[in-house]
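Visitor: One file is attached below, start03.txt, containing compact mmCIF, C-alpha atoms.
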```txt
# COMPACT_ATOMS: atom_id res chain seq x y z
CA MET A 1307 -34.18 -43.39 58.97
CA TYR A 1308 -37.37 -45.43 59.33
CA ARG A 1309 -39.29 -44.63 62.51
CA THR A 1310 -42.59 -46.50 62.20
CA LEU A 1311 -42.96 -48.84 59.22
CA ILE A 1312 -40.72 -50.05 56.42
CA SER A 1313 -41.88 -51.88 53.31
CA ALA A 1314 -40.30 -55.08 52.03
CA ASP A 1315 -38.93 -53.23 48.99
CA GLU A 1316 -37.40 -50.54 51.19
CA LEU A 1317 -35.79 -53.14 53.43
CA MET A 1318 -34.34 -54.98 50.44
CA ALA A 1319 -32.72 -51.73 49.31
CA LEU A 1320 -30.87 -51.14 52.60
CA PRO A 1321 -27.22 -52.24 52.71
CA ALA A 1322 -26.92 -55.32 54.93
CA GLY A 1323 -24.37 -53.68 57.22
CA ASP A 1324 -26.65 -50.74 57.95
CA VAL A 1325 -29.54 -52.62 59.51
CA VAL A 1326 -30.20 -55.09 62.32
CA ILE A 1327 -33.19 -57.29 61.50
CA VAL A 1328 -35.01 -59.05 64.33
CA ASP A 1329 -37.45 -61.91 63.97
CA CYS A 1330 -40.12 -61.60 66.68
CA ARG A 1331 -42.42 -64.47 65.72
CA PHE A 1332 -44.27 -65.98 68.67
CA ARG A 1333 -47.34 -67.97 69.65
CA LEU A 1334 -48.89 -67.36 73.06
CA ALA A 1335 -50.16 -70.94 73.21
CA ASP A 1336 -46.81 -72.43 72.12
CA PRO A 1337 -43.90 -70.27 73.34
CA ASP A 1338 -41.25 -72.45 71.65
CA TRP A 1339 -42.86 -72.17 68.22
CA GLY A 1340 -41.25 -68.90 67.18
CA HIS A 1341 -37.67 -70.03 67.57
CA ALA A 1342 -38.43 -73.27 65.72
CA ALA A 1343 -40.02 -71.28 62.89
CA TYR A 1344 -36.97 -69.03 62.80
CA ALA A 1345 -34.68 -72.06 62.47
CA ASP A 1346 -36.77 -73.34 59.56
CA GLY A 1347 -36.40 -70.07 57.66
CA HIS A 1348 -36.01 -66.38 58.35
CA LEU A 1349 -35.04 -63.18 56.60
CA PRO A 1350 -31.36 -63.35 55.65
CA GLY A 1351 -29.22 -61.96 58.44
CA ALA A 1352 -32.11 -61.79 60.91
CA HIS A 1353 -31.64 -62.53 64.60
CA TYR A 1354 -34.34 -63.99 66.84
CA LEU A 1355 -35.59 -62.43 70.06
CA HIS A 1356 -38.10 -64.27 72.22
CA LEU A 1357 -41.06 -62.42 73.69
CA ASP A 1358 -40.82 -64.15 77.06
CA TYR A 1359 -37.02 -64.28 77.43
CA HIS A 1360 -35.73 -61.14 75.73
CA LEU A 1361 -38.64 -58.72 75.40
CA SER A 1362 -40.17 -59.20 78.86
CA GLY A 1363 -39.00 -59.13 82.46
CA VAL A 1364 -39.42 -61.36 85.48
CA LYS A 1365 -43.01 -62.11 86.47
CA SER A 1366 -44.01 -61.76 90.10
CA GLY A 1367 -47.59 -62.93 89.77
CA ARG A 1368 -48.86 -59.39 90.24
CA ASN A 1369 -47.02 -57.45 87.51
CA GLY A 1370 -48.66 -58.97 84.45
CA ARG A 1371 -47.83 -61.71 81.98
CA HIS A 1372 -45.22 -59.70 80.07
CA PRO A 1373 -43.69 -57.09 82.38
CA LEU A 1374 -41.12 -54.74 80.94
CA PRO A 1375 -37.60 -56.15 80.70
CA ASP A 1376 -34.67 -54.68 82.55
CA ALA A 1377 -33.56 -51.76 80.41
CA GLU A 1378 -29.82 -52.34 80.83
CA ARG A 1379 -30.17 -56.02 80.02
CA LEU A 1380 -32.17 -55.30 76.86
CA ALA A 1381 -29.60 -52.72 75.78
CA VAL A 1382 -26.86 -55.36 76.11
CA VAL A 1383 -28.94 -57.81 74.07
CA LEU A 1384 -29.46 -55.29 71.28
CA GLY A 1385 -25.80 -54.29 71.33
CA ALA A 1386 -24.80 -57.94 71.01
CA LEU A 1387 -26.81 -58.07 67.78
CA GLY A 1388 -24.80 -55.16 66.43
CA ALA A 1389 -27.25 -52.34 67.13
CA GLY A 1390 -25.43 -49.12 67.99
CA PRO A 1391 -26.86 -45.70 68.82
CA ASP A 1392 -27.88 -44.91 65.23
CA THR A 1393 -28.35 -48.38 63.74
CA GLN A 1394 -31.58 -48.96 61.87
CA ILE A 1395 -33.48 -51.77 63.59
CA VAL A 1396 -36.25 -53.60 61.73
CA ALA A 1397 -38.60 -55.96 63.57
CA TYR A 1398 -40.90 -58.43 61.87
CA ASP A 1399 -43.26 -61.31 62.57
CA ASP A 1400 -45.93 -63.21 60.64
CA ALA A 1401 -48.92 -61.85 62.56
CA GLY A 1402 -49.50 -58.35 61.23
CA GLY A 1403 -46.92 -56.83 63.56
CA MET A 1404 -48.57 -57.83 66.84
CA PHE A 1405 -45.26 -59.05 68.30
CA ALA A 1406 -42.84 -56.96 66.24
CA ALA A 1407 -44.54 -53.81 67.55
CA ARG A 1408 -43.39 -54.79 71.05
CA LEU A 1409 -39.73 -54.54 70.01
CA TRP A 1410 -40.48 -51.29 68.15
CA TRP A 1411 -41.93 -49.82 71.32
CA LEU A 1412 -39.18 -51.19 73.60
CA ALA A 1413 -36.43 -49.71 71.44
CA ARG A 1414 -38.18 -46.35 71.60
CA TRP A 1415 -38.58 -46.83 75.35
CA LEU A 1416 -34.78 -46.98 75.47
CA GLY A 1417 -34.58 -43.78 73.41
CA HIS A 1418 -33.74 -45.38 70.04
CA GLU A 1419 -35.36 -43.52 67.15
CA ALA A 1420 -34.25 -45.62 64.16
CA VAL A 1421 -36.59 -48.57 64.61
CA ALA A 1422 -39.40 -49.76 62.35
CA VAL A 1423 -41.71 -52.71 61.81
CA LEU A 1424 -41.69 -54.55 58.49
CA ASP A 1425 -45.12 -53.71 57.08
CA GLY A 1426 -46.91 -56.95 56.33
CA GLY A 1427 -44.15 -58.99 57.95
CA LEU A 1428 -42.91 -62.27 56.57
CA PRO A 1429 -45.80 -62.69 54.09
CA ALA A 1430 -45.05 -59.29 52.56
CA TRP A 1431 -41.35 -60.17 52.29
CA LEU A 1432 -42.15 -63.38 50.43
CA ALA A 1433 -44.70 -61.64 48.21
CA ALA A 1434 -42.02 -59.12 47.20
CA GLY A 1435 -39.73 -61.97 46.11
CA GLY A 1436 -37.61 -62.04 49.25
CA GLU A 1437 -35.74 -65.20 50.10
CA LEU A 1438 -35.42 -66.98 53.42
CA SER A 1439 -32.36 -68.41 55.11
CA ASN A 1440 -31.91 -71.08 57.77
CA GLU A 1441 -28.42 -69.90 58.68
CA ALA A 1442 -27.98 -68.06 61.95
CA PRO A 1443 -26.09 -64.78 61.45
CA GLN A 1444 -22.62 -64.48 62.87
CA PRO A 1445 -22.52 -62.11 65.83
CA PRO A 1446 -20.38 -59.02 65.36
CA ARG A 1447 -16.73 -59.44 66.29
CA LEU A 1448 -17.18 -56.75 68.90
CA PRO A 1449 -20.65 -55.97 70.30
CA ALA A 1450 -21.96 -52.52 69.56
CA ARG A 1451 -22.75 -50.17 72.40
CA PHE A 1452 -26.48 -49.64 72.42
CA ALA A 1453 -26.87 -46.38 74.33
CA ILE A 1454 -29.89 -45.81 76.53
CA ARG A 1455 -31.11 -42.28 75.92
CA ALA A 1456 -34.10 -40.19 76.93
CA SER A 1457 -37.18 -42.32 76.40
CA LEU A 1458 -39.41 -41.76 73.39
CA ALA A 1459 -42.14 -43.98 74.84
CA PRO A 1460 -43.78 -42.69 78.04
CA THR A 1461 -45.54 -45.05 80.43
CA LEU A 1462 -47.70 -44.92 83.51
CA ASP A 1463 -48.49 -47.48 86.20
CA ALA A 1464 -51.56 -49.11 87.69
CA ASP A 1465 -51.80 -46.54 90.48
CA ALA A 1466 -52.05 -43.72 87.94
CA VAL A 1467 -54.74 -45.61 86.01
CA LEU A 1468 -56.66 -46.25 89.23
CA ALA A 1469 -56.43 -42.58 90.29
CA ASN A 1470 -57.73 -41.57 86.86
CA LEU A 1471 -61.03 -43.35 87.53
CA ALA A 1472 -61.94 -40.83 90.22
CA SER A 1473 -60.59 -37.78 88.39
CA PRO A 1474 -60.36 -38.52 84.65
CA ARG A 1475 -57.51 -36.80 82.84
CA PHE A 1476 -56.93 -39.39 80.12
CA VAL A 1477 -58.80 -42.16 78.34
CA VAL A 1478 -57.69 -45.79 78.34
CA VAL A 1479 -57.83 -47.69 75.03
CA ASP A 1480 -57.90 -51.50 75.21
CA ALA A 1481 -56.38 -53.35 72.22
CA ARG A 1482 -57.95 -56.76 72.94
CA ALA A 1483 -60.67 -58.43 70.88
CA PRO A 1484 -64.21 -57.22 71.65
CA ASP A 1485 -65.31 -60.44 73.36
CA ARG A 1486 -62.42 -60.37 75.82
CA PHE A 1487 -63.04 -56.66 76.42
CA ARG A 1488 -66.65 -57.49 77.32
CA GLY A 1489 -65.47 -60.22 79.69
CA GLU A 1490 -66.43 -63.13 77.44
CA ASN A 1491 -64.28 -66.08 76.32
CA GLU A 1492 -61.39 -65.08 78.58
CA THR A 1493 -58.71 -67.77 78.31
CA MET A 1494 -55.49 -65.87 79.09
CA ASP A 1495 -56.27 -64.22 82.42
CA PRO A 1496 -58.14 -65.37 85.55
CA VAL A 1497 -60.65 -62.49 85.44
CA GLY A 1498 -62.63 -61.28 82.45
CA GLY A 1499 -63.63 -57.71 81.73
CA HIS A 1500 -61.94 -54.36 81.30
CA ILE A 1501 -60.82 -51.26 83.15
CA PRO A 1502 -63.88 -49.09 83.84
CA GLY A 1503 -64.28 -46.30 81.31
CA ALA A 1504 -61.91 -47.85 78.77
CA LEU A 1505 -62.58 -47.73 75.05
CA ASN A 1506 -62.06 -50.78 72.83
CA ARG A 1507 -59.86 -50.58 69.73
CA PRO A 1508 -58.78 -54.10 68.67
CA PHE A 1509 -55.25 -53.87 67.26
CA ALA A 1510 -56.30 -55.84 64.17
CA ASP A 1511 -58.41 -52.84 63.11
CA ASN A 1512 -55.16 -51.07 62.21
CA LEU A 1513 -54.60 -53.48 59.33
CA ALA A 1514 -55.95 -53.57 55.79
CA ALA A 1515 -57.18 -56.78 54.17
CA ASP A 1516 -53.68 -57.60 52.88
CA GLY A 1517 -52.20 -57.66 56.39
CA ARG A 1518 -50.39 -54.35 55.98
CA PHE A 1519 -51.14 -51.25 58.01
CA LYS A 1520 -53.79 -48.92 56.68
CA THR A 1521 -52.60 -45.65 55.19
CA PRO A 1522 -51.73 -42.85 57.62
CA ASP A 1523 -54.79 -40.86 56.52
CA ARG A 1524 -57.11 -43.81 57.05
CA LEU A 1525 -55.60 -44.58 60.44
CA ALA A 1526 -55.89 -40.95 61.50
CA ALA A 1527 -59.56 -40.90 60.51
CA ASP A 1528 -60.25 -44.15 62.37
CA TRP A 1529 -58.53 -42.98 65.52
CA ARG A 1530 -60.16 -39.55 65.43
CA ALA A 1531 -63.56 -41.25 65.14
CA LEU A 1532 -62.77 -43.17 68.32
CA LEU A 1533 -61.06 -40.44 70.32
CA GLY A 1534 -62.95 -37.36 69.22
CA GLN A 1535 -61.05 -34.20 70.06
CA ARG A 1536 -58.80 -35.79 72.67
CA ALA A 1537 -55.12 -35.04 72.22
CA PRO A 1538 -52.80 -38.05 71.77
CA GLY A 1539 -51.17 -37.18 75.08
CA ASP A 1540 -54.49 -37.84 76.78
CA VAL A 1541 -54.59 -41.44 75.52
CA VAL A 1542 -53.21 -44.46 77.41
CA HIS A 1543 -52.98 -47.84 75.72
CA GLN A 1544 -53.33 -51.27 77.28
CA CYS A 1545 -54.19 -54.82 76.25
CA GLY A 1546 -53.83 -58.20 77.92
CA SER A 1547 -50.17 -57.93 78.85
CA GLY A 1548 -48.73 -54.81 77.23
CA VAL A 1549 -47.83 -56.42 73.90
CA THR A 1550 -50.59 -55.75 71.35
CA ALA A 1551 -51.19 -52.32 72.88
CA CYS A 1552 -47.87 -51.41 71.23
CA HIS A 1553 -49.56 -52.07 67.87
CA ASN A 1554 -52.05 -49.30 68.62
CA LEU A 1555 -49.22 -47.00 69.68
CA LEU A 1556 -47.44 -47.75 66.39
CA ALA A 1557 -50.61 -47.10 64.40
CA MET A 1558 -51.16 -43.74 66.06
CA GLU A 1559 -47.52 -42.77 65.55
CA HIS A 1560 -47.71 -43.75 61.87
CA ALA A 1561 -50.90 -41.70 61.54
CA GLY A 1562 -49.14 -38.61 62.86
CA LEU A 1563 -50.86 -38.82 66.25
CA ALA A 1564 -47.75 -39.02 68.40
CA GLY A 1565 -47.57 -38.74 72.16
CA SER A 1566 -49.86 -41.40 73.62
CA ARG A 1567 -48.66 -43.59 76.48
CA LEU A 1568 -48.56 -47.27 77.47
CA TYR A 1569 -49.79 -48.92 80.64
CA PRO A 1570 -47.30 -51.83 80.45
CA GLY A 1571 -48.91 -54.10 83.05
CA SER A 1572 -52.25 -53.94 81.25
CA TRP A 1573 -55.20 -56.19 82.06
CA SER A 1574 -53.13 -59.11 83.39
CA GLU A 1575 -51.62 -56.84 86.05
CA TRP A 1576 -54.83 -54.91 86.69
CA CYS A 1577 -56.94 -57.98 87.40
CA ALA A 1578 -54.27 -59.55 89.65
CA ASP A 1579 -55.39 -57.22 92.44
CA PRO A 1580 -59.01 -57.95 93.45
CA ALA A 1581 -59.28 -54.48 94.94
CA ARG A 1582 -59.16 -52.89 91.48
CA PRO A 1583 -62.58 -52.42 89.87
CA VAL A 1584 -63.65 -54.44 86.83
CA ALA A 1585 -66.24 -53.60 84.20
CA THR A 1586 -67.94 -55.99 81.78
CA GLY A 1587 -70.05 -55.57 78.69
CA ALA A 1588 -69.56 -53.10 75.87
CA ALA A 1589 -67.92 -49.72 76.41
```
Give the structure from this file in structure tokens form.

Guide:
Amino acid sequence: MYRTLISADELMALPAGDVVIVDCRFRLADPDWGHAAYADGHLPGAHYLHLDYHLSGVKSGRNGRHPLPDAERLAVVLGALGAGPDTQIVAYDDAGGMFAARLWWLARWLGHEAVAVLDGGLPAWLAAGGELSNEAPQPPRLPARFAIRASLAPTLDADAVLANLASPRFVVVDARAPDRFRGENETMDPVGGHIPGALNRPFADNLAADGRFKTPDRLAADWRALLGQRAPGDVVHQCGSGVTACHNLLAMEHAGLAGSRLYPGSWSEWCADPARPVATGAA
């Protein structure tokens, strides 16, 4: 069972019937791009799930740009792909895992343990000699039953984050780029800045130069340098809309620092309420 990352060589060695592969490629500025890229060529047998349609819920204007999907609906979607209670799920993209990590986290949110991100994504697959296909996989004759079990991915809401400002019990870690964290060059959300007291850990810092995740030891050292002696359970992750924060959660899990939580609404939900405080500048 692969629970965090899987290499291209390891994925190639898995029997096709034992794994459900999901293409999660996406572009925030061009939401239709990912499906078009999938049609041009994808890992053999891979299915495509769209960040906006499958991996997010209905937006209200106050719950962020990528609110959590309905759990029952997502379970049906995964079952329709052939994912049962113990099926190994592998998610990939072409962006260092920034979108694939969302599916990894969501599956764990539904209590599914056998889920991993393809380390290095599509580039790593091609570098290992993997082929691409433009044929859509046939759905299983009968959908599998994807069982929702006790969640492996705890969350907390905006009210809990707000209450923490007055009586700190955990630290918030923001996965956005440093300029957006400081409140500069904000193009995605109407307000720039960050949650007061948050630390900044851009998700890209989890990756080595080759686009793969750093080793567990290196990740652990990096995260310990940021967090000091704080326990993982005292860490809450956020980003712009609850997507790239999952990358930081994956990195900590892979480093052996399990137990941190996600604030799913993230900055896009936080800044939708003008009553919530905003900080700018460096941490």

Visitor: Any idea what's packed within 8 Å of Ser1574 in chain A, counting all atoms listed in the file, ignoring anything in its chain fewer than 2 positions away? Could you give it as number ranges by chain?

Guide: A: 1369-1371, 1495, 1546-1547, 1571-1572, 1576-1578

Visitor: Can you work out which one of A:Ala1322, A:Ala1531, A:Gly1388, A:Phe1405 has the shortest atom-to-atom distance to Asp1358 in chain A, counting all atoms listed in the file?

Guide: A:Phe1405

Visitor: Using all atoms listed in the file, which residues of range 1470-1589 of chain A come within 10 Å of range 1454-1465 of chain A, and what is the closest atom pair for each, with the distance in Å to one decimal? Give it as CSV, sorted by chain and residue number.

Guide:
```
residue,atom,partner,partner_atom,distance
A:Asn1470,CA,A:Asp1465,CA,8.5
A:Gly1539,CA,A:Pro1460,CA,9.7
A:Val1542,CA,A:Leu1462,CA,8.2
A:His1543,CA,A:Thr1461,CA,9.2
A:Leu1555,CA,A:Ala1459,CA,9.3
A:Ala1564,CA,A:Ala1459,CA,9.9
A:Gly1565,CA,A:Ala1459,CA,8.0
A:Ser1566,CA,A:Pro1460,CA,7.6
A:Arg1567,CA,A:Pro1460,CA,5.2
A:Leu1568,CA,A:Thr1461,CA,4.8
A:Tyr1569,CA,A:Leu1462,CA,5.3
A:Pro1570,CA,A:Thr1461,CA,7.0
A:Gly1571,CA,A:Ala1464,CA,7.3
A:Ser1572,CA,A:Ala1464,CA,8.1
A:Trp1573,CA,A:Ala1464,CA,9.8
A:Glu1575,CA,A:Ala1464,CA,7.9
A:Trp1576,CA,A:Ala1464,CA,6.7
A:Arg1582,CA,A:Ala1464,CA,9.3
```

Visitor: Counting all atoms listed in the file, which residues have an atom no more than 9 Å from (-24.4, -55.9, 71.1) in the file's coordinates? Please list them as number ranges by chain.

Guide: A: 1381-1390, 1445-1446, 1448-1452

Visitor: One decimal, in Å: what's the spacing between CA of Arg1536 in chain A and CA of Met1558 in chain A?

Guide: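 Taking CA of Arg1536 in chain A and CA of Met1558 in chain A, their separation equals 12.9 Å.
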
Visitor: Edge lengths and centre in Å to one decimal, as AutoDock Vina command-line options, of the axis-aligned box that encloses all listed atoms of range 1443-1459 of chain A with 6 Å added on every side?

Guide:
```
--center_x -29.4 --center_y -52.5 --center_z 69.2 --size_x 37.4 --size_y 36.6 --size_z 27.5
```

Visitor: Show which residues sit within 12 Å of Thr1521 in chain A, as a list in words. Count all atoms listed in the file, and ignore same-chain residues fewer than 2 positions away.

Guide: Leu1311, Asp1425, Asn1512, Leu1513, Ala1514, Arg1518, Phe1519, Asp1523, Arg1524, Leu1525, Ala1526, Ala1527, Asp1528, Ala1557, Met1558, Glu1559, His1560, Ala1561 and Gly1562 of chain A

Visitor: May I ask which of the residues A:Gly1427, A:Ala1377, A:Pro1583, A:Thr1310 is the closest one to Pro1522 in chain A, counting all atoms listed in the file?

Guide: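 For Pro1522 in chain A, the nearest of the given residues is A:Thr1310.
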
Visitor: Point out the residue among A:Gly1323, A:Asp1480, A:Ala1551, A:Leu1409 with the least atom-to-atom distance to His1360 in chain A, counting all atoms listed in the file.

Guide: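 So, comparing all the options, the nearest one is A:Leu1409.
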
Visitor: Near Glu1419 in chain A, within 8 Å and counting all atoms listed in the file, which residues show up once chain neighbours fewer than 2 positions away are dropped, as number ranges by chain?

Guide: A: 1309, 1392, 1413-1414, 1417, 1421, 1458
